[in-house]
file my_file34.cif (mmCIF, C-alpha atoms (C1' of nucleotides))
data_coords
#
loop_
_atom_site.label_atom_id
_atom_site.label_comp_id
_atom_site.auth_asym_id
_atom_site.auth_seq_id
_atom_site.Cartn_x
_atom_site.Cartn_y
_atom_site.Cartn_z
CA MET I 1 -5.47 59.20 -96.33
CA SER I 2 -3.00 56.30 -96.20
CA GLN I 3 -0.58 56.31 -99.11
CA ALA I 4 -0.62 53.51 -101.66
CA ALA I 5 3.08 52.90 -101.02
CA PRO I 6 4.10 49.23 -100.70
CA GLU I 7 5.68 49.64 -97.23
CA LYS I 8 4.82 52.90 -95.58
CA ARG I 9 6.84 52.67 -92.41
CA SER I 10 8.85 50.31 -90.31
CA ALA I 11 5.91 49.93 -87.96
CA ASP I 12 3.74 48.19 -90.55
CA ARG I 13 6.46 45.72 -91.33
CA THR I 14 6.95 44.94 -87.63
CA ARG I 15 3.23 44.49 -87.23
CA GLY I 16 3.30 41.98 -90.03
CA VAL I 17 6.23 40.08 -88.58
CA ILE I 18 4.49 39.81 -85.21
CA LEU I 19 1.28 38.61 -86.85
CA ALA I 20 3.11 35.94 -88.83
CA ALA I 21 4.91 34.69 -85.74
CA ALA I 22 1.66 34.72 -83.78
CA ARG I 23 -0.16 32.68 -86.41
CA GLU I 24 2.62 30.12 -86.40
CA ARG I 25 2.70 29.80 -82.62
CA PHE I 26 -1.07 29.71 -82.16
CA ALA I 27 -1.29 27.07 -84.90
CA ALA I 28 1.45 24.94 -83.37
CA ASP I 29 0.67 25.29 -79.67
CA GLY I 30 -2.91 26.47 -79.16
CA TYR I 31 -4.03 29.54 -77.26
CA GLU I 32 -2.61 29.09 -73.76
CA ARG I 33 0.69 27.43 -74.64
CA ALA I 34 1.48 30.07 -77.27
CA THR I 35 3.04 32.71 -75.02
CA ILE I 36 3.55 36.32 -75.95
CA ARG I 37 7.16 35.94 -74.96
CA ALA I 38 7.65 33.06 -77.40
CA ILE I 39 5.89 34.92 -80.20
CA ALA I 40 8.07 37.96 -79.55
CA ALA I 41 11.19 35.81 -79.58
CA ASP I 42 10.19 34.31 -82.95
CA ALA I 43 9.67 37.81 -84.31
CA ALA I 44 13.05 38.87 -82.84
CA ILE I 45 11.45 41.64 -80.88
CA ASP I 46 10.65 42.64 -77.31
CA PRO I 47 7.47 41.26 -75.71
CA ALA I 48 6.48 44.81 -74.83
CA MET I 49 6.20 45.65 -78.52
CA VAL I 50 3.51 43.03 -78.94
CA MET I 51 1.47 44.79 -76.29
CA ARG I 52 2.06 48.15 -77.90
CA TYR I 53 0.85 46.95 -81.29
CA PHE I 54 -2.05 44.75 -80.23
CA GLY I 55 -3.09 45.77 -76.71
CA ASN I 56 -3.29 42.32 -75.15
CA LYS I 57 -3.09 38.63 -75.95
CA GLU I 58 -6.78 38.27 -76.75
CA LYS I 59 -6.67 41.04 -79.33
CA LEU I 60 -3.48 39.64 -80.80
CA PHE I 61 -5.22 36.33 -81.33
CA ALA I 62 -8.25 38.03 -82.82
CA ALA I 63 -5.99 39.75 -85.34
CA ALA I 64 -4.01 36.59 -86.08
CA ALA I 65 -7.08 34.41 -86.57
CA GLU I 66 -8.95 36.64 -88.96
CA PHE I 67 -9.93 34.37 -91.77
CA ASP I 68 -11.91 34.22 -94.97
CA LEU I 69 -12.84 30.81 -96.38
CA ARG I 70 -13.04 32.38 -99.87
CA LEU I 71 -15.71 29.91 -100.87
CA PRO I 72 -16.26 29.59 -104.62
CA ASP I 73 -19.60 29.69 -106.37
CA LEU I 74 -20.92 26.14 -106.43
CA SER I 75 -24.38 26.80 -107.86
CA ARG I 76 -23.38 26.19 -111.50
CA LEU I 77 -21.84 22.78 -110.85
CA PRO I 78 -23.59 19.45 -111.43
CA ARG I 79 -24.96 18.10 -108.17
CA GLU I 80 -22.47 15.28 -107.81
CA GLU I 81 -19.50 17.60 -108.25
CA VAL I 82 -20.21 20.10 -105.46
CA GLY I 83 -18.86 17.84 -102.72
CA PRO I 84 -15.54 17.04 -104.37
CA ALA I 85 -15.12 20.69 -105.40
CA LEU I 86 -15.78 21.96 -101.88
CA THR I 87 -13.52 19.31 -100.37
CA ASN I 88 -10.72 20.31 -102.72
CA HIS I 89 -11.20 23.95 -101.83
CA PHE I 90 -11.13 23.19 -98.09
CA LEU I 91 -7.86 21.29 -98.45
CA ASP I 92 -6.41 24.24 -100.35
CA ARG I 93 -7.40 26.77 -97.75
CA TRP I 94 -6.19 24.55 -94.97
CA GLU I 95 -2.76 24.03 -96.44
CA ASP I 96 -1.86 27.54 -97.55
CA ASP I 97 -2.99 29.50 -94.48
CA GLU I 98 -2.06 28.62 -90.93
CA SER I 99 -4.87 30.74 -89.50
CA LEU I 100 -7.34 27.88 -89.75
CA LYS I 101 -5.11 25.54 -87.79
CA ALA I 102 -4.58 28.26 -85.20
CA LEU I 103 -8.32 28.81 -84.99
CA LEU I 104 -9.06 25.10 -84.62
CA ARG I 105 -6.41 24.52 -81.96
CA ALA I 106 -7.51 27.56 -79.98
CA SER I 107 -11.26 27.04 -80.32
CA VAL I 108 -11.10 23.87 -78.26
CA THR I 109 -10.05 25.71 -75.09
CA ASN I 110 -10.83 29.36 -75.80
CA GLU I 111 -14.41 30.59 -75.90
CA ALA I 112 -13.68 33.62 -78.09
CA ALA I 113 -12.01 31.38 -80.64
CA ALA I 114 -14.95 28.96 -80.52
CA ASP I 115 -17.27 31.87 -81.23
CA ARG I 116 -15.15 32.80 -84.22
CA MET I 117 -15.39 29.24 -85.47
CA ARG I 118 -19.17 29.17 -85.11
CA GLN I 119 -19.46 32.42 -87.03
CA LEU I 120 -17.16 31.13 -89.75
CA PHE I 121 -19.50 28.33 -90.70
CA ALA I 122 -22.72 30.20 -90.06
CA ASP I 123 -21.82 33.39 -91.94
CA GLN I 124 -19.62 32.08 -94.73
CA LEU I 125 -20.72 28.51 -95.45
CA GLY I 126 -24.42 28.97 -94.72
CA PRO I 127 -25.11 31.50 -97.48
CA VAL I 128 -23.34 29.38 -100.10
CA ILE I 129 -25.47 26.39 -99.19
CA MET I 130 -28.62 28.46 -99.57
CA THR I 131 -27.86 28.59 -103.30
CA LEU I 132 -27.80 24.80 -103.45
CA ALA I 133 -30.64 23.53 -101.26
CA ASP I 134 -33.78 24.49 -99.37
CA PRO I 135 -32.67 27.55 -97.34
CA ALA I 136 -34.54 26.22 -94.31
CA THR I 137 -32.10 23.29 -94.12
CA ALA I 138 -28.95 25.31 -94.86
CA GLY I 139 -27.95 25.66 -91.20
CA THR I 140 -28.10 21.93 -90.56
CA ARG I 141 -26.23 21.17 -93.78
CA ALA I 142 -23.53 23.69 -92.88
CA GLY I 143 -23.14 22.00 -89.50
CA LEU I 144 -22.82 18.56 -91.05
CA VAL I 145 -20.24 19.78 -93.55
CA ALA I 146 -18.38 21.43 -90.69
CA SER I 147 -18.39 18.18 -88.71
CA GLN I 148 -16.72 16.26 -91.54
CA ALA I 149 -14.39 19.06 -92.67
CA LEU I 150 -13.18 19.93 -89.18
CA GLY I 151 -12.95 16.28 -88.20
CA PHE I 152 -10.80 15.47 -91.19
CA ALA I 153 -8.58 18.49 -90.56
CA LEU I 154 -8.32 17.54 -86.89
CA CYS I 155 -7.20 14.02 -87.72
CA ARG I 156 -4.90 14.99 -90.59
CA TYR I 157 -3.27 18.24 -89.45
CA VAL I 158 -3.61 18.32 -85.66
CA LEU I 159 -3.67 14.75 -84.37
CA ALA I 160 -1.80 13.41 -87.39
CA LEU I 161 -3.53 10.03 -87.35
CA PRO I 162 -1.17 8.07 -89.62
CA PRO I 163 -3.75 6.64 -92.05
CA VAL I 164 -5.46 10.02 -92.46
CA ALA I 165 -2.23 11.96 -92.85
CA ALA I 166 -1.06 9.46 -95.45
CA LEU I 167 -4.01 9.91 -97.80
CA SER I 168 -3.21 11.61 -101.09
CA ARG I 169 -5.26 14.61 -102.17
CA GLU I 170 -7.08 12.43 -104.72
CA GLU I 171 -7.91 9.71 -102.21
CA ALA I 172 -9.14 12.27 -99.71
CA ILE I 173 -11.45 13.82 -102.28
CA ALA I 174 -12.68 10.42 -103.44
CA TRP I 175 -13.65 9.45 -99.88
CA LEU I 176 -14.92 12.79 -98.55
CA GLY I 177 -16.44 14.20 -101.73
CA PRO I 178 -19.56 12.01 -101.81
CA THR I 179 -20.10 12.56 -98.09
CA ILE I 180 -20.03 16.32 -98.52
CA THR I 181 -22.28 16.09 -101.59
CA ARG I 182 -24.86 14.19 -99.58
CA TYR I 183 -24.72 16.67 -96.70
CA LEU I 184 -25.13 19.55 -99.17
CA THR I 185 -27.88 18.21 -101.38
CA GLY I 186 -29.20 14.90 -100.00
CA SER I 187 -32.31 14.35 -97.93
CA LEU I 188 -32.72 12.78 -94.50
CA ALA I 189 -34.17 9.66 -96.08
CA ASP I 190 -30.94 9.27 -98.02
CA MET Y 191 -5.31 -10.18 -51.23
CA SER Y 192 -7.58 -7.18 -51.16
CA GLN Y 193 -10.72 -7.73 -49.15
CA ALA Y 194 -14.08 -7.72 -50.85
CA ALA Y 195 -15.22 -4.95 -48.52
CA PRO Y 196 -17.11 -2.13 -50.24
CA GLU Y 197 -14.71 0.63 -49.08
CA LYS Y 198 -11.48 -0.64 -47.62
CA ARG Y 199 -9.91 2.62 -46.53
CA SER Y 200 -10.29 6.29 -47.01
CA ALA Y 201 -7.41 6.29 -49.48
CA ASP Y 202 -9.27 4.45 -52.23
CA ARG Y 203 -12.26 6.69 -51.88
CA THR Y 204 -10.08 9.82 -52.04
CA ARG Y 205 -8.34 8.50 -55.13
CA GLY Y 206 -11.72 8.07 -56.77
CA VAL Y 207 -12.91 11.52 -55.82
CA ILE Y 208 -9.76 13.09 -57.27
CA LEU Y 209 -10.12 11.11 -60.48
CA ALA Y 210 -13.73 12.14 -60.92
CA ALA Y 211 -12.90 15.81 -60.35
CA ALA Y 212 -9.95 15.55 -62.73
CA ARG Y 213 -12.08 14.04 -65.49
CA GLU Y 214 -14.60 16.83 -65.12
CA ARG Y 215 -12.01 19.59 -65.20
CA PHE Y 216 -10.00 18.15 -68.07
CA ALA Y 217 -13.22 17.67 -70.06
CA ALA Y 218 -14.41 21.23 -69.41
CA ASP Y 219 -11.13 23.14 -69.66
CA GLY Y 220 -8.53 21.09 -71.55
CA TYR Y 221 -5.12 20.10 -70.31
CA GLU Y 222 -3.39 23.38 -69.49
CA ARG Y 223 -6.36 25.30 -68.12
CA ALA Y 224 -7.37 22.46 -65.84
CA THR Y 225 -5.12 23.23 -62.86
CA ILE Y 226 -4.24 20.83 -60.09
CA ARG Y 227 -5.39 23.44 -57.61
CA ALA Y 228 -8.83 23.63 -59.21
CA ILE Y 229 -9.15 19.86 -59.34
CA ALA Y 230 -8.15 19.62 -55.69
CA ALA Y 231 -10.68 22.31 -54.76
CA ASP Y 232 -13.44 20.38 -56.56
CA ALA Y 233 -12.44 17.26 -54.66
CA ALA Y 234 -12.35 19.27 -51.40
CA ILE Y 235 -8.79 18.27 -50.56
CA ASP Y 236 -5.33 19.74 -50.55
CA PRO Y 237 -3.42 20.07 -53.86
CA ALA Y 238 -0.53 18.20 -52.27
CA MET Y 239 -2.72 15.10 -52.00
CA VAL Y 240 -3.07 15.01 -55.76
CA MET Y 241 0.69 14.84 -56.07
CA ARG Y 242 0.89 12.14 -53.40
CA TYR Y 243 -1.65 9.96 -55.18
CA PHE Y 244 -0.65 10.52 -58.80
CA GLY Y 245 2.92 11.86 -58.83
CA ASN Y 246 2.44 14.73 -61.25
CA LYS Y 247 -0.07 16.35 -63.56
CA GLU Y 248 0.84 14.24 -66.56
CA LYS Y 249 0.28 10.99 -64.70
CA LEU Y 250 -2.96 12.31 -63.26
CA PHE Y 251 -4.20 12.99 -66.76
CA ALA Y 252 -3.07 9.57 -67.93
CA ALA Y 253 -5.11 7.98 -65.15
CA ALA Y 254 -8.14 10.22 -65.79
CA ALA Y 255 -8.18 9.63 -69.53
CA GLU Y 256 -8.01 5.86 -69.50
CA PHE Y 257 -10.76 4.81 -71.81
CA ASP Y 258 -12.30 1.79 -73.47
CA LEU Y 259 -14.58 2.31 -76.47
CA ARG Y 260 -16.31 -1.01 -75.66
CA LEU Y 261 -17.03 -1.58 -79.32
CA PRO Y 262 -19.73 -4.17 -80.04
CA ASP Y 263 -19.43 -7.02 -82.51
CA LEU Y 264 -20.61 -5.69 -85.86
CA SER Y 265 -19.75 -8.69 -88.01
CA ARG Y 266 -23.21 -10.29 -87.77
CA LEU Y 267 -25.10 -7.20 -88.90
CA PRO Y 268 -26.33 -6.55 -92.45
CA ARG Y 269 -23.93 -4.25 -94.27
CA GLU Y 270 -26.17 -1.22 -94.29
CA GLU Y 271 -26.74 -1.38 -90.55
CA VAL Y 272 -23.14 -1.29 -89.35
CA GLY Y 273 -22.82 2.48 -89.80
CA PRO Y 274 -25.96 3.42 -87.88
CA ALA Y 275 -25.15 0.88 -85.15
CA LEU Y 276 -21.62 2.18 -84.71
CA THR Y 277 -22.83 5.80 -84.77
CA ASN Y 278 -25.37 5.01 -82.07
CA HIS Y 279 -22.72 3.32 -79.97
CA PHE Y 280 -20.35 6.28 -80.32
CA LEU Y 281 -23.05 8.70 -79.18
CA ASP Y 282 -23.70 6.46 -76.17
CA ARG Y 283 -20.07 6.29 -75.15
CA TRP Y 284 -19.67 10.01 -75.66
CA GLU Y 285 -22.57 10.97 -73.50
CA ASP Y 286 -22.11 8.68 -70.51
CA ASP Y 287 -18.36 9.10 -69.97
CA GLU Y 288 -16.57 12.40 -69.76
CA SER Y 289 -13.19 10.80 -70.41
CA LEU Y 290 -13.65 11.04 -74.16
CA LYS Y 291 -14.34 14.75 -74.02
CA ALA Y 292 -11.34 15.21 -71.75
CA LEU Y 293 -9.20 13.24 -74.17
CA LEU Y 294 -10.40 15.21 -77.19
CA ARG Y 295 -9.94 18.59 -75.56
CA ALA Y 296 -6.48 17.69 -74.30
CA SER Y 297 -5.25 15.94 -77.43
CA VAL Y 298 -5.36 19.16 -79.41
CA THR Y 299 -2.60 20.77 -77.34
CA ASN Y 300 -0.96 17.88 -75.48
CA GLU Y 301 1.21 15.40 -77.33
CA ALA Y 302 0.75 12.58 -74.81
CA ALA Y 303 -3.01 12.92 -75.12
CA ALA Y 304 -2.75 12.94 -78.91
CA ASP Y 305 -0.78 9.72 -78.71
CA ARG Y 306 -3.52 8.21 -76.58
CA MET Y 307 -6.08 9.25 -79.17
CA ARG Y 308 -4.11 7.70 -82.01
CA GLN Y 309 -3.83 4.44 -80.10
CA LEU Y 310 -7.52 4.47 -79.31
CA PHE Y 311 -8.52 4.28 -82.95
CA ALA Y 312 -5.64 2.09 -84.08
CA ASP Y 313 -5.91 -0.52 -81.33
CA GLN Y 314 -9.64 -0.57 -80.63
CA LEU Y 315 -11.39 0.42 -83.86
CA GLY Y 316 -8.92 -1.14 -86.29
CA PRO Y 317 -9.43 -4.75 -85.17
CA VAL Y 318 -13.22 -4.45 -85.33
CA ILE Y 319 -13.01 -3.19 -88.90
CA MET Y 320 -10.85 -6.15 -89.86
CA THR Y 321 -13.90 -8.35 -89.30
CA LEU Y 322 -15.88 -6.28 -91.81
CA ALA Y 323 -13.56 -5.50 -94.72
CA ASP Y 324 -10.23 -6.28 -96.36
CA PRO Y 325 -7.76 -6.11 -93.44
CA ALA Y 326 -5.29 -4.23 -95.64
CA THR Y 327 -7.69 -1.28 -95.77
CA ALA Y 328 -8.71 -1.38 -92.10
CA GLY Y 329 -6.30 1.34 -91.03
CA THR Y 330 -7.56 3.80 -93.61
CA ARG Y 331 -11.17 2.99 -92.82
CA ALA Y 332 -10.53 3.47 -89.11
CA GLY Y 333 -9.02 6.87 -89.86
CA LEU Y 334 -11.99 7.93 -91.96
CA VAL Y 335 -14.45 6.82 -89.30
CA ALA Y 336 -12.38 8.72 -86.73
CA SER Y 337 -12.49 11.85 -88.86
CA GLN Y 338 -16.29 11.85 -88.96
CA ALA Y 339 -16.84 10.65 -85.41
CA LEU Y 340 -14.38 13.08 -83.82
CA GLY Y 341 -15.53 15.91 -86.08
CA PHE Y 342 -19.13 15.41 -85.10
CA ALA Y 343 -18.23 15.21 -81.41
CA LEU Y 344 -16.09 18.31 -81.75
CA CYS Y 345 -18.93 20.29 -83.30
CA ARG Y 346 -21.63 18.94 -81.01
CA TYR Y 347 -19.97 18.67 -77.59
CA VAL Y 348 -16.96 20.99 -77.70
CA LEU Y 349 -17.70 23.84 -80.11
CA ALA Y 350 -21.47 23.49 -79.68
CA LEU Y 351 -22.28 24.57 -83.23
CA PRO Y 352 -26.00 25.30 -82.85
CA PRO Y 353 -27.30 23.22 -85.79
CA VAL Y 354 -25.19 20.22 -84.80
CA ALA Y 355 -26.01 20.45 -81.11
CA ALA Y 356 -29.70 20.69 -81.98
CA LEU Y 357 -29.87 17.41 -83.92
CA SER Y 358 -31.85 14.64 -82.27
CA ARG Y 359 -30.26 11.25 -81.81
CA GLU Y 360 -32.38 9.88 -84.69
CA GLU Y 361 -31.44 12.69 -87.07
CA ALA Y 362 -27.78 12.32 -86.21
CA ILE Y 363 -27.87 8.61 -86.95
CA ALA Y 364 -29.82 9.16 -90.17
CA TRP Y 365 -27.19 11.61 -91.44
CA LEU Y 366 -24.01 10.01 -90.13
CA GLY Y 367 -24.99 6.35 -90.39
CA PRO Y 368 -24.67 6.02 -94.19
CA THR Y 369 -21.39 7.94 -94.13
CA ILE Y 370 -19.90 5.56 -91.58
CA THR Y 371 -21.26 2.55 -93.48
CA ARG Y 372 -19.50 3.71 -96.62
CA TYR Y 373 -16.22 4.31 -94.78
CA LEU Y 374 -16.48 0.84 -93.22
CA THR Y 375 -17.51 -1.22 -96.22
CA GLY Y 376 -17.48 0.93 -99.40
CA SER Y 377 -14.76 1.11 -102.02
CA LEU Y 378 -12.79 4.10 -103.29
CA ALA Y 379 -14.83 4.12 -106.49
CA ASP Y 380 -17.96 4.59 -104.39
"C1'" DG F 381 20.40 72.88 -83.03
"C1'" DT F 382 16.74 72.13 -80.61
"C1'" DT F 383 12.48 69.74 -80.34
"C1'" DG F 384 9.05 66.24 -81.13
"C1'" DT F 385 7.74 61.96 -82.67
"C1'" DT F 386 8.30 57.33 -83.60
"C1'" DG F 387 10.10 52.53 -82.95
"C1'" DG F 388 12.26 49.84 -79.73
"C1'" DC F 389 14.43 47.92 -75.25
"C1'" DC F 390 14.76 46.90 -70.36
"C1'" DA F 391 13.54 45.88 -65.79
"C1'" DA F 392 10.11 45.07 -62.99
"C1'" DC F 393 5.24 44.28 -61.10
"C1'" DG F 394 1.73 41.00 -59.38
"C1'" DC F 395 -0.10 36.72 -60.05
"C1'" DT F 396 -0.61 31.78 -60.94
"C1'" DT F 397 1.34 27.48 -61.80
"C1'" DG F 398 3.36 22.69 -60.56
"C1'" DT F 399 5.77 20.83 -57.03
"C1'" DT F 400 8.15 19.97 -52.43
"C1'" DG F 401 9.06 18.95 -47.58
"C1'" DA F 402 8.03 19.39 -42.92
"C1'" DC F 403 4.35 19.20 -39.74
"C1'" DT F 404 -0.16 17.43 -37.63
"C1'" DT F 405 -3.91 14.22 -36.87
"C1'" DC F 406 -5.58 9.87 -36.05
"C1'" DA F 407 -6.76 5.03 -36.28
"C1'" DC F 408 -5.05 0.77 -35.23
"C1'" DC F 409 -1.98 -2.98 -32.90
"C1'" DG F 410 1.00 -4.62 -29.43
"C1'" DC H 411 -0.65 2.77 -22.45
"C1'" DG H 412 2.85 3.79 -26.22
"C1'" DG H 413 4.11 3.78 -30.83
"C1'" DT H 414 3.91 3.10 -35.83
"C1'" DG H 415 2.46 4.36 -40.21
"C1'" DA H 416 -0.80 6.11 -43.16
"C1'" DA H 417 -3.91 10.25 -44.39
"C1'" DG H 418 -4.19 14.91 -44.60
"C1'" DT H 419 -2.61 20.02 -43.83
"C1'" DC H 420 0.27 24.06 -44.36
"C1'" DA H 421 3.47 27.18 -46.06
"C1'" DA H 422 6.69 27.92 -49.20
"C1'" DC H 423 9.60 27.41 -53.38
"C1'" DA H 424 11.17 28.49 -58.26
"C1'" DA H 425 9.57 29.36 -62.60
"C1'" DG H 426 6.72 31.26 -65.91
"C1'" DC H 427 2.95 34.17 -67.28
"C1'" DG H 428 0.61 38.77 -69.09
"C1'" DT H 429 1.31 43.30 -68.53
"C1'" DT H 430 3.26 48.07 -67.31
"C1'" DG H 431 6.01 52.31 -67.35
"C1'" DG H 432 10.13 54.53 -67.94
"C1'" DC H 433 14.20 55.17 -70.69
"C1'" DC H 434 17.04 55.29 -75.12
"C1'" DA H 435 18.21 56.10 -80.08
"C1'" DA H 436 17.20 57.68 -84.41
"C1'" DC H 437 15.37 60.88 -87.46
"C1'" DA H 438 12.45 64.64 -89.46
"C1'" DA H 439 10.72 69.55 -88.75
"C1'" DC H 440 11.36 73.93 -87.66
#
call {"tool": "encode", "arguments": {"input": "my_file34.cif", "output": "structure tokens"}}
result
Amino acid sequence: MSQAAPEKRSADRTRGVILAAARERFAADGYERATIRAIAADAAIDPAMVMRYFGNKEKLFAAAAEFDLRLPDLSRLPREEVGPALTNHFLDRWEDDESLKALLRASVTNEAAADRMRQLFADQLGPVIMTLADPATAGTRAGLVASQALGFALCRYVLALPPVAALSREEAIAWLGPTITRYLTGSLAD
Amino acid sequence: MSQAAPEKRSADRTRGVILAAARERFAADGYERATIRAIAADAAIDPAMVMRYFGNKEKLFAAAAEFDLRLPDLSRLPREEVGPALTNHFLDRWEDDESLKALLRASVTNEAAADRMRQLFADQLGPVIMTLADPATAGTRAGLVASQALGFALCRYVLALPPVAALSREEAIAWLGPTITRYLTGSLAD
DNA sequence: GTTGTTGGCCAACGCTTGTTGACTTCACCG
DNA sequence: CGGTGAAGTCAACAAGCGTTGGCCAACAAC
């Protein structure tokens, strides 16, 4: 029943502004330090509006941290290229959407966010890996990829370890690519 | 001048009890959710005592998160064994001292803790790597090792991703060992 | 022109937090 | 015995939090 109009009402625009401010704050401060009052101030709006639109803080976070990895099809690539390709895609997703940073920062202290993170890798990365390797090992491989991808993002975007933050895109792919390839397609015996 | 007596006064014992409770709380809840009141309750003392002994929350955390990686000498090992050895040592340190978990959880939302984390890898891991590879590349290698080590710890001990938490010590070393070896001694061209 | 409805603001609530200062207890030393 | 100082208790503070309910202004419908 909703029209196909670009901006139906003022309410939808406000909702969007709140969501954008929330993503920014959650990404920068984590779950507990990102206060509804601060988010409302960023959106130039009253804190009560945030409650009206999203019910409570937990639901606001759930809406702000909705995320799709948009994983590409890797099954047609040569074996040695899947790691670099996936690494490149991860860096893309990480840099053009703050939701992932918000999710990572929050998931360390918030159980609901941690759940979201677990589902992200189980439901989105797992199936893709099943097209590349023995499906029985897909869960483990997804976990290993997660450990390197999240660890790199943690060091580069959250902790800002100088040597990791200084790596160029090409260097990052050259170092991480082979690691990811091995986790995706290698065997325990190396 | 301090006597060699096992327990000089009640003060030292209390200080220790507070520190132990603080480490536990910071490790389980992160910096902001670990309240002084909760720590004091765990230590079965008054919150005011925490302030008396440590000044404020920040200083309490600084005292609770003091940490030494106790890295072994890796320079006498064959190249292909340095990764597995270092991985094994990391798992040891992670599992018998809660300080690292406290530091990781806090460093995601607390700048002082993040600083501590950066120093940990720069000052303790960097020098060890200089004995293994071109010193000019030691910083980068330390960062890469940090990305995999912290990422694995994040997934296993903090997020508890099921496939990562389920890995045995041997499996973990078999998967991570070669990765760490390459970061420590490999070249960009693989 | 009245009447709803919708988007927004304001003031306040109950609660928790870090932190403070004054008070008590108590062991030890002269 | 008295007193001195450390160890511990208690009650309270100011500030900040998530959250609530009532009020206002605009605007479309009848």
call {"tool": "interface_residues", "arguments": {"input": "my_file34.cif", "of": "chain Y", "to": "chain F", "cutoff": "12 Å", "atoms": "only C-alpha atoms (C1' of nucleotides)", "output": "ChimeraX atom specification"}}
result
/Y:199-200,222-228,237-242,245-248
call {"tool": "atom_distance", "arguments": {"input": "my_file34.cif", "atom1": "atom CA of Arg70 of chain I", "atom2": "atom CA of Ala43 of chain I"}}
result
28.1 Å
call {"tool": "resolve_selection", "arguments": {"input": "my_file34.cif", "expression": "the PyMOL selection byres ((chain H) within 12 of (chain Y))", "output": "PyMOL selection string"}}
result
chain H and resi 416-421
call {"tool": "residues_around", "arguments": {"input": "my_file34.cif", "residues": "segment 308-311 of chain Y", "least_positions_apart": "2", "cutoff": "9 Å", "atoms": "only C-alpha atoms (C1' of nucleotides)", "output": "list in words"}}
result
Leu159, Ala160, Leu161 and Pro162 of chain I; Phe257, Asp258, Leu259, Ala303, Ala304, Asp305, Arg306, Asp313, Gln314, Leu315, Gly316, Gly329, Ala332, Gly333 and Ala336 of chain Y
call {"tool": "resolve_selection", "arguments": {"input": "my_file34.cif", "expression": "the PyMOL selection byres ((chain Y) within 8 of (chain I))", "output": "PyMOL selection string"}}
result
chain Y and resi 219-220+222-223+295+297-299+304+307-308+329-330+333-334+336-345+348-349+351-354+361+364-365+369+373+378-380
call {"tool": "axis_aligned_box", "arguments": {"input": "my_file34.cif", "around": "segment 115-126 of chain I", "padding_each_side": "6 Å", "output": "AutoDock Vina command-line options"}}
result
--center_x -19.8 --center_y 30.9 --center_z -88.3 --size_x 21.3 --size_y 17.1 --size_z 26.2
call {"tool": "atom_distance", "arguments": {"input": "my_file34.cif", "atom1": "atom CA of Arg203 of chain Y", "atom2": "atom CA of Ala292 of chain Y"}}
result
21.6 Å
call {"tool": "residues_around", "arguments": {"input": "my_file34.cif", "residues": "Asp73 of chain I", "least_positions_apart": "2", "cutoff": "9 Å", "atoms": "only C-alpha atoms (C1' of nucleotides)", "output": "compact mmCIF listing (two decimals) with C-alpha atoms, in the frame of the given file"}}
result
# COMPACT_ATOMS: atom_id res chain seq x y z
CA LEU I 71 -15.71 29.91 -100.87
CA SER I 75 -24.38 26.80 -107.86
CA ARG I 76 -23.38 26.19 -111.50
CA LEU I 77 -21.84 22.78 -110.85
CA VAL I 128 -23.34 29.38 -100.10
CA THR I 131 -27.86 28.59 -103.30
call {"tool": "atom_distance", "arguments": {"input": "my_file34.cif", "atom1": "atom CA of Ala20 of chain I", "atom2": "atom C1' of DT430 of chain H"}}
result
24.7 Å
call {"tool": "residues_around", "arguments": {"input": "my_file34.cif", "residues": "Ala234 of chain Y", "least_positions_apart": "3", "cutoff": "9 Å", "atoms": "all atoms listed in the file", "output": "MDAnalysis selection string"}}
result
chainID Y and resid 207:208 229:231
call {"tool": "resolve_selection", "arguments": {"input": "my_file34.cif", "expression": "the PyMOL selection byres ((chain I and resi 85) around 10)", "output": "list in words"}}
result
Pro72, Leu74, Leu77, Glu80, Glu81, Val82, Gly83, Pro84, Leu86, Thr87, Asn88, His89, Phe90, Ile173, Gly177, Ile180 and Thr181 of chain I
